[in-house]
Amino acid sequence: MKFFLGFFLLATLAFAGPRLLVLSGTVTNTTGDVSAPARLELSIDGENVSARLVTFPPLTGTGALTGRLLDGWCELTGQLDGGFALKFFGVLNAHDFRGTYTATPENGGMQYGRFVFAPAATNPPSAAAPPQG
């Protein structure tokens with residue numbers, strides 16, 4: 001009986017689709033000492049992660065990221081509008097996703113930062129408008 005239950009649970013997990021997390025929070029460019037609200041949508045399929053980042057003024061940057069999630073450690077990379085190459089490194093758990101990032105503009109001059117995202121409210125703000133607060 002335990003064998004069948006274990007097999008059923010394994011089969012259920014194997015056929016489960018990607019899980020979607022919608023997070024909101026703050027990104028801080030520590031190079032320029034500037035913080036801004038941001039939104040991050042993560043689609044997690046096993047250890048593969050795809051994401052969409054939207055950063056609101058005074059910082060800019062919207063784009064797709066891809067990466068991996070292994071034992072809570074998440075690394076994402078991608079190209080943002082405006083020509084920035086972005087790399088996120090952090091810990092994703094049930095409470096938040098936090099860590100550091102590097103952003104490299106097309107003309108060079110790497111910038112450093114940190115981020116903290118938490119699950120968004122049940123009615124998250126539109127990607128077209130900054131969150132009210």
# chains A, B, ... in the order shown; residues from 1 in each chain; ligands from 1
$ residues_around --residues "Thr31 (chain A)" --least-positions-apart "2" --cutoff "8 Å" --atoms "only C-alpha atoms" --output "number ranges by chain"
A: 29, 33, 111-113
$ select_by_dssp --residues "region 69-118 of chain A" --states "strand (DSSP E or B)" --output "ChimeraX atom specification"
/A:69-70,73-80,84-92,97-104,111-118
$ write_last_selection --atoms "C-alpha atoms" --output "PDB file, in the first residue's frame"
ATOM      1  CA  LEU A  69      16.523  27.131  -8.445  1.00  0.00           C
ATOM      2  CA  LEU A  70      18.434  24.543  -6.421  1.00  0.00           C
ATOM      3  CA  TRP A  73      19.305  29.151  -4.065  1.00  0.00           C
ATOM      4  CA  CYS A  74      18.112  31.004  -7.166  1.00  0.00           C
ATOM      5  CA  GLU A  75      20.215  32.531  -9.944  1.00  0.00           C
ATOM      6  CA  LEU A  76      18.597  34.499 -12.772  1.00  0.00           C
ATOM      7  CA  THR A  77      20.161  36.244 -15.756  1.00  0.00           C
ATOM      8  CA  GLY A  78      18.767  38.232 -18.640  1.00  0.00           C
ATOM      9  CA  GLN A  79      18.767  41.315 -20.785  1.00  0.00           C
ATOM     10  CA  LEU A  80      16.623  44.286 -19.725  1.00  0.00           C
ATOM     11  CA  PHE A  84      21.337  46.231 -19.221  1.00  0.00           C
ATOM     12  CA  ALA A  85      22.593  42.694 -18.604  1.00  0.00           C
ATOM     13  CA  LEU A  86      21.220  41.658 -15.204  1.00  0.00           C
ATOM     14  CA  LYS A  87      22.222  38.848 -12.824  1.00  0.00           C
ATOM     15  CA  PHE A  88      20.214  38.093  -9.664  1.00  0.00           C
ATOM     16  CA  PHE A  89      21.647  35.836  -6.934  1.00  0.00           C
ATOM     17  CA  GLY A  90      19.564  35.011  -3.890  1.00  0.00           C
ATOM     18  CA  VAL A  91      17.555  32.766  -1.622  1.00  0.00           C
ATOM     19  CA  LEU A  92      13.940  31.969  -2.418  1.00  0.00           C
ATOM     20  CA  PHE A  97      13.212  36.190  -2.350  1.00  0.00           C
ATOM     21  CA  ARG A  98      16.220  38.269  -1.339  1.00  0.00           C
ATOM     22  CA  GLY A  99      19.767  38.691  -2.476  1.00  0.00           C
ATOM     23  CA  THR A 100      22.113  40.771  -4.583  1.00  0.00           C
ATOM     24  CA  TYR A 101      22.412  41.678  -8.230  1.00  0.00           C
ATOM     25  CA  THR A 102      24.776  43.077 -10.817  1.00  0.00           C
ATOM     26  CA  ALA A 103      23.649  45.225 -13.737  1.00  0.00           C
ATOM     27  CA  THR A 104      25.991  45.930 -16.607  1.00  0.00           C
ATOM     28  CA  GLN A 111      26.599  48.412 -11.010  1.00  0.00           C
ATOM     29  CA  TYR A 112      25.751  46.511  -7.830  1.00  0.00           C
ATOM     30  CA  GLY A 113      22.566  46.195  -5.854  1.00  0.00           C
ATOM     31  CA  ARG A 114      20.323  44.209  -3.563  1.00  0.00           C
ATOM     32  CA  PHE A 115      16.677  43.176  -3.698  1.00  0.00           C
ATOM     33  CA  VAL A 116      13.884  41.936  -1.465  1.00  0.00           C
ATOM     34  CA  PHE A 117      10.652  40.562  -2.915  1.00  0.00           C
ATOM     35  CA  ALA A 118       7.679  39.092  -1.065  1.00  0.00           C
TER      36      ALA A 118
END
$ atom_distance --atom1 "CA of Pro57 (chain A)" --atom2 "CA of Pro37 (chain A)"
7.6 Å
$ atom_distance --atom1 "CA of Leu23 (chain A)" --atom2 "CA of Gly108 (chain A)"
29.2 Å
$ closest_residue --among "A:Ala64, A:Ala120, A:Leu59, A:Ala94" --to "Thr30 (chain A)" --atoms "only C-alpha atoms"
A:Leu59
